[in-house]
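Inspection log for the structure reproduced underneath, given as structure tokens.
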Amino acid sequence: MFKQIFDDASSTYTYLIVDDATQEAVIIDPVASHIDAYIQLINELNCHLKYALETHVHADHITASGMLREYFSLQTGASALCGVYTADMQLNDGDVLLIGQQEVKVIATPGHTAGAISYWWNDRIFTGDSLLINGCGRTDFQGGDAGTLYDSITNRLFTLPDETLVYPAHDYNGKQVSCVGQEKNTNPRFVNKSRDAFIQLMDALDLPKPDLIDVAVPANRMEGIWEGSIQQG
């Protein structure tokens with residue numbers, strides 16, 4: 001079972017994967033303002049939420065991972081390079097997580113942030129903010145680096161089978177899914193772009209600072225649970 005959940009406020013996608021044989025489940029990039037909806041959905045599906053995973057430290061919303069751990073006694077996971085020291089699992093490239101007999105493989109895709117990772121499950125890849133549909137994440141904060149992102153996308157994600165479905169952490173234009181082949185052939189950030197040209201493009205974006213970054217980043221390094229925090233939802 002697979003569900004895609006959208007947060008209108010931050011245009012964030014959250015993903016729930018359930019192993020049908022065992023009812024073990026994993027949630028990727030949960031948003032704090034949806035905590036009540038997640039709990040209701042998990043209870044309705046009668047599944048065992050085993051993991052709450054982050055693709056990176058988000059700058060535009062507060063994660064629900066910590067709250068889900070308190071409610072379901074699950075394990076949280078984030079890249080060992082993210083600085084999320086409260087995460088139960090400090091994940092590295094090549095790590096494999098099991099939900100029932102289903103494998104979720106960690107692929108390091110730094111560049112948007114230093115600790116950005118993607119999760120590969122069956123025929124789909126959850127790319128966080130590294131690879132977006134027709135775009136990619138910015139590279140001007142949290143240790144981001146345009147050259148590193150180019151390498152992550154072209155050498156790691158674009159080497160997956162073309163039919164691999166791409167599910168990003170955000171979309172701002174109503175798109176829900178792409179595939180590796182489509183992004184290789186049509187994504188304007190990468191098509192006919194050398195590494196140097198991509199770096200020049202990213203360095204020239206001059207994007208405004210995310211509104212919530214000063215609150216969201218420190219909160220998310222504590223998995224959404226910190227002294228004086230107020231639960232959203």
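Residues are referred to by chain and number: the chain letter is A, B, ... according to the order shown in the structure tokens, the number counts from 1 in that chain, and ligands are numbered separately from 1 in the order shown.
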Enumerate, as a PyMOL selection string, the complete set of residues in range 24-199 of chain A that a backbone-based DSSP assignment places in strand (DSSP E). chain A and resi 24-28+48-53+75-79+89-91+96-99+102-108+117-121+124-128+131-132+135-136+165-168+178-179
Would you export the selected residues with C-alpha atoms as a PDB file, in the first residue's frame, please?
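Final output, result30.pdb:
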```pdb
ATOM      1  CA  GLU A  24       4.611  -2.651   8.921  1.00  0.00           C
ATOM      2  CA  ALA A  25       4.851   0.899   7.602  1.00  0.00           C
ATOM      3  CA  VAL A  26       7.227   3.798   7.034  1.00  0.00           C
ATOM      4  CA  ILE A  27       6.403   7.484   6.687  1.00  0.00           C
ATOM      5  CA  ILE A  28       8.719   9.877   4.820  1.00  0.00           C
ATOM      6  CA  HIS A  48       2.346  -0.733  12.557  1.00  0.00           C
ATOM      7  CA  LEU A  49       4.308   2.465  11.889  1.00  0.00           C
ATOM      8  CA  LYS A  50       7.909   1.301  12.232  1.00  0.00           C
ATOM      9  CA  TYR A  51       9.908   4.261  10.888  1.00  0.00           C
ATOM     10  CA  ALA A  52       9.588   8.022  10.376  1.00  0.00           C
ATOM     11  CA  LEU A  53      12.254   9.183   7.923  1.00  0.00           C
ATOM     12  CA  GLN A  75      12.301   4.697  15.154  1.00  0.00           C
ATOM     13  CA  THR A  76      13.216   7.963  13.461  1.00  0.00           C
ATOM     14  CA  GLY A  77      15.884   8.282  10.805  1.00  0.00           C
ATOM     15  CA  ALA A  78      17.872  11.054   9.134  1.00  0.00           C
ATOM     16  CA  SER A  79      21.208  11.362   7.389  1.00  0.00           C
ATOM     17  CA  MET A  89      19.049   6.010  13.101  1.00  0.00           C
ATOM     18  CA  GLN A  90      21.935   8.043  11.689  1.00  0.00           C
ATOM     19  CA  LEU A  91      21.636   6.914   8.090  1.00  0.00           C
ATOM     20  CA  VAL A  96      18.754  -0.703   3.907  1.00  0.00           C
ATOM     21  CA  LEU A  97      15.649  -0.529   6.086  1.00  0.00           C
ATOM     22  CA  LEU A  98      13.094  -3.314   6.137  1.00  0.00           C
ATOM     23  CA  ILE A  99       9.326  -3.038   6.460  1.00  0.00           C
ATOM     24  CA  GLN A 102      10.089  -4.613   1.608  1.00  0.00           C
ATOM     25  CA  GLU A 103      13.506  -2.952   1.293  1.00  0.00           C
ATOM     26  CA  VAL A 104      13.934   0.820   1.507  1.00  0.00           C
ATOM     27  CA  LYS A 105      17.467   1.731   0.411  1.00  0.00           C
ATOM     28  CA  VAL A 106      19.252   4.951   1.376  1.00  0.00           C
ATOM     29  CA  ILE A 107      20.981   6.836  -1.463  1.00  0.00           C
ATOM     30  CA  ALA A 108      23.100   9.840  -0.528  1.00  0.00           C
ATOM     31  CA  ILE A 117      19.377  11.666   1.098  1.00  0.00           C
ATOM     32  CA  SER A 118      16.853   9.855  -1.080  1.00  0.00           C
ATOM     33  CA  TYR A 119      14.972   6.604  -0.420  1.00  0.00           C
ATOM     34  CA  TRP A 120      14.637   3.925  -3.094  1.00  0.00           C
ATOM     35  CA  TRP A 121      11.739   1.489  -2.759  1.00  0.00           C
ATOM     36  CA  ARG A 124      10.155   4.505  -7.045  1.00  0.00           C
ATOM     37  CA  ILE A 125      12.614   6.973  -5.560  1.00  0.00           C
ATOM     38  CA  PHE A 126      11.735   9.590  -2.926  1.00  0.00           C
ATOM     39  CA  THR A 127      14.085  12.430  -3.731  1.00  0.00           C
ATOM     40  CA  GLY A 128      13.348  15.036  -1.077  1.00  0.00           C
ATOM     41  CA  LEU A 131      15.427  16.340  -7.577  1.00  0.00           C
ATOM     42  CA  LEU A 132      12.075  18.021  -8.117  1.00  0.00           C
ATOM     43  CA  GLY A 135      13.565  21.371 -11.236  1.00  0.00           C
ATOM     44  CA  CYS A 136      15.804  20.822  -8.237  1.00  0.00           C
ATOM     45  CA  LEU A 165       9.057   6.844 -10.509  1.00  0.00           C
ATOM     46  CA  VAL A 166      10.245  10.120  -8.978  1.00  0.00           C
ATOM     47  CA  TYR A 167       8.385  11.370  -5.905  1.00  0.00           C
ATOM     48  CA  PRO A 168       9.795  14.677  -4.586  1.00  0.00           C
ATOM     49  CA  SER A 178       7.564  12.011 -12.641  1.00  0.00           C
ATOM     50  CA  CYS A 179      10.106   9.378 -13.664  1.00  0.00           C
TER      51      CYS A 179
END
```
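With only C-alpha atoms taken into account, the protein and nucleic acid residues at most 10 Å from Gly137 in chain A (excluding it and anything under 4 positions from it in its own chain) are Gly111, His112, Thr113, Gly128, Asp129, Ser130, Leu131, Leu132, Gly144, Ala146, Leu149, Pro168, Ala169, His170 and Met202 of chain A.
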The selected residues should be written to file as an mmCIF file, in the first residue's frame (atoms: C-alpha atoms).
```cif
data_model
loop_
_atom_site.group_PDB
_atom_site.id
_atom_site.type_symbol
_atom_site.label_atom_id
_atom_site.label_comp_id
_atom_site.auth_asym_id
_atom_site.auth_seq_id
_atom_site.Cartn_x
_atom_site.Cartn_y
_atom_site.Cartn_z
ATOM 1 C CA GLY A 111 23.886 19.277 -2.627
ATOM 2 C CA HIS A 112 20.574 20.871 -1.688
ATOM 3 C CA THR A 113 21.857 20.443 1.845
ATOM 4 C CA GLY A 128 13.348 15.036 -1.077
ATOM 5 C CA ASP A 129 14.350 18.455 -2.385
ATOM 6 C CA SER A 130 17.308 17.144 -4.376
ATOM 7 C CA LEU A 131 15.427 16.340 -7.577
ATOM 8 C CA LEU A 132 12.075 18.021 -8.117
ATOM 9 C CA GLY A 144 24.388 23.299 -0.011
ATOM 10 C CA ALA A 146 25.590 23.299 -6.666
ATOM 11 C CA LEU A 149 23.982 18.500 -6.304
ATOM 12 C CA PRO A 168 9.795 14.677 -4.586
ATOM 13 C CA ALA A 169 9.249 16.319 -1.207
ATOM 14 C CA HIS A 170 7.712 19.390 -2.837
ATOM 15 C CA MET A 202 22.210 27.947 -9.463
#
```
Which residue of A:Phe141, A:Leu157, A:Tyr172, A:Ala114 approaches Asp7 in chain A most closely, using only C-alpha atoms: A:Tyr172
Distance query range 30-32 of chain A at most 6 Å, only C-alpha atoms, self and fewer than 5 positions along chain excluded, as a ChimeraX atom specification: /A:14,62-64,232
Write the residues of the selection above to a file with C-alpha atoms, as an mmCIF file, in the first residue's frame.
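Result written to selection-v9.cif:
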```
data_model
loop_
_atom_site.group_PDB
_atom_site.id
_atom_site.type_symbol
_atom_site.label_atom_id
_atom_site.label_comp_id
_atom_site.auth_asym_id
_atom_site.auth_seq_id
_atom_site.Cartn_x
_atom_site.Cartn_y
_atom_site.Cartn_z
ATOM 1 C CA THR A 14 4.576 13.110 2.715
ATOM 2 C CA ILE A 62 8.315 21.591 11.131
ATOM 3 C CA THR A 63 8.549 17.824 11.025
ATOM 4 C CA ALA A 64 6.178 15.459 12.818
ATOM 5 C CA GLN A 232 0.896 21.923 15.536
#
```
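In terms of minimum interatomic distance to Leu207 in chain A, A:Asp140 ranks closest within A:Asp162, A:Asp140, A:Asp171, A:Asp151, counting only C-alpha atoms.
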Would you mind writing down, as a JSON list (two decimals) with C-alpha atoms, in the first residue's frame, each residue of range 13-230 of chain A that DSSP on the backbone assigns to helix (DSSP H, G or I)?
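Contents of the output file states.json:
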```
[["chain", "number", "residue", "atom", "x", "y", "z"],
["A", 32, "ALA", "CA", 3.71, 18.56, 12.15],
["A", 33, "SER", "CA", 0.46, 20.28, 11.19],
["A", 34, "HIS", "CA", -0.87, 16.93, 9.93],
["A", 35, "ILE", "CA", -0.08, 14.90, 13.03],
["A", 36, "ASP", "CA", -3.72, 14.21, 13.88],
["A", 37, "ALA", "CA", -4.47, 13.10, 10.31],
["A", 38, "TYR", "CA", -1.48, 10.74, 10.32],
["A", 39, "ILE", "CA", -2.56, 9.14, 13.58],
["A", 40, "GLN", "CA", -6.10, 8.69, 12.30],
["A", 41, "LEU", "CA", -4.87, 7.19, 9.01],
["A", 42, "ILE", "CA", -2.48, 4.76, 10.73],
["A", 43, "ASN", "CA", -5.24, 3.62, 13.06],
["A", 44, "GLU", "CA", -7.74, 3.24, 10.21],
["A", 45, "LEU", "CA", -5.27, 1.14, 8.21],
["A", 65, "SER", "CA", 8.81, 12.73, 13.27],
["A", 66, "GLY", "CA", 9.37, 13.39, 16.96],
["A", 67, "MET", "CA", 5.68, 13.52, 17.76],
["A", 68, "LEU", "CA", 5.05, 10.31, 15.83],
["A", 69, "ARG", "CA", 7.80, 8.59, 17.81],
["A", 70, "GLU", "CA", 6.18, 9.66, 21.06],
["A", 71, "TYR", "CA", 2.79, 8.34, 19.93],
["A", 72, "PHE", "CA", 3.78, 5.12, 18.13],
["A", 146, "ALA", "CA", 25.59, 23.30, -6.67],
["A", 147, "GLY", "CA", 28.40, 21.13, -8.02],
["A", 148, "THR", "CA", 27.69, 18.45, -5.43],
["A", 149, "LEU", "CA", 23.98, 18.50, -6.30],
["A", 150, "TYR", "CA", 24.77, 18.14, -10.01],
["A", 151, "ASP", "CA", 26.90, 15.11, -9.25],
["A", 152, "SER", "CA", 24.20, 13.61, -7.00],
["A", 153, "ILE", "CA", 21.52, 13.95, -9.66],
["A", 154, "THR", "CA", 23.52, 12.95, -12.72],
["A", 155, "ASN", "CA", 25.68, 10.22, -11.15],
["A", 156, "ARG", "CA", 23.24, 8.73, -8.64],
["A", 157, "LEU", "CA", 19.60, 9.41, -9.52],
["A", 180, "VAL", "CA", 13.85, 9.27, -14.08],
["A", 181, "GLY", "CA", 13.67, 9.09, -17.86],
["A", 182, "GLN", "CA", 11.41, 12.12, -18.05],
["A", 183, "GLU", "CA", 13.64, 14.18, -15.80],
["A", 184, "LYS", "CA", 16.78, 13.24, -17.71],
["A", 185, "ASN", "CA", 15.16, 14.30, -20.98],
["A", 186, "THR", "CA", 13.10, 17.35, -20.00],
["A", 195, "ARG", "CA", 28.41, 20.90, -14.51],
["A", 196, "ASP", "CA", 29.88, 24.41, -14.80],
["A", 197, "ALA", "CA", 26.76, 25.73, -16.52],
["A", 198, "PHE", "CA", 24.58, 24.23, -13.80],
["A", 199, "ILE", "CA", 26.70, 25.85, -11.09],
["A", 200, "GLN", "CA", 26.43, 29.23, -12.82],
["A", 201, "LEU", "CA", 22.66, 28.84, -13.13],
["A", 202, "MET", "CA", 22.21, 27.95, -9.46],
["A", 203, "ASP", "CA", 24.54, 30.69, -8.24],
["A", 213, "ILE", "CA", 13.98, 28.87, 8.13],
["A", 214, "ASP", "CA", 15.06, 30.44, 11.45],
["A", 215, "VAL", "CA", 12.39, 28.46, 13.30],
["A", 216, "ALA", "CA", 12.14, 25.30, 11.20],
["A", 217, "VAL", "CA", 15.81, 24.35, 10.91],
["A", 218, "PRO", "CA", 16.61, 24.32, 14.66],
["A", 219, "ALA", "CA", 13.26, 22.67, 15.40],
["A", 220, "ASN", "CA", 13.81, 19.98, 12.79]]
```
Record the distance separating CA of Val18 in chain A and CA of Phe2 in chain A, expressed in Å with one decimal. 6.3 Å
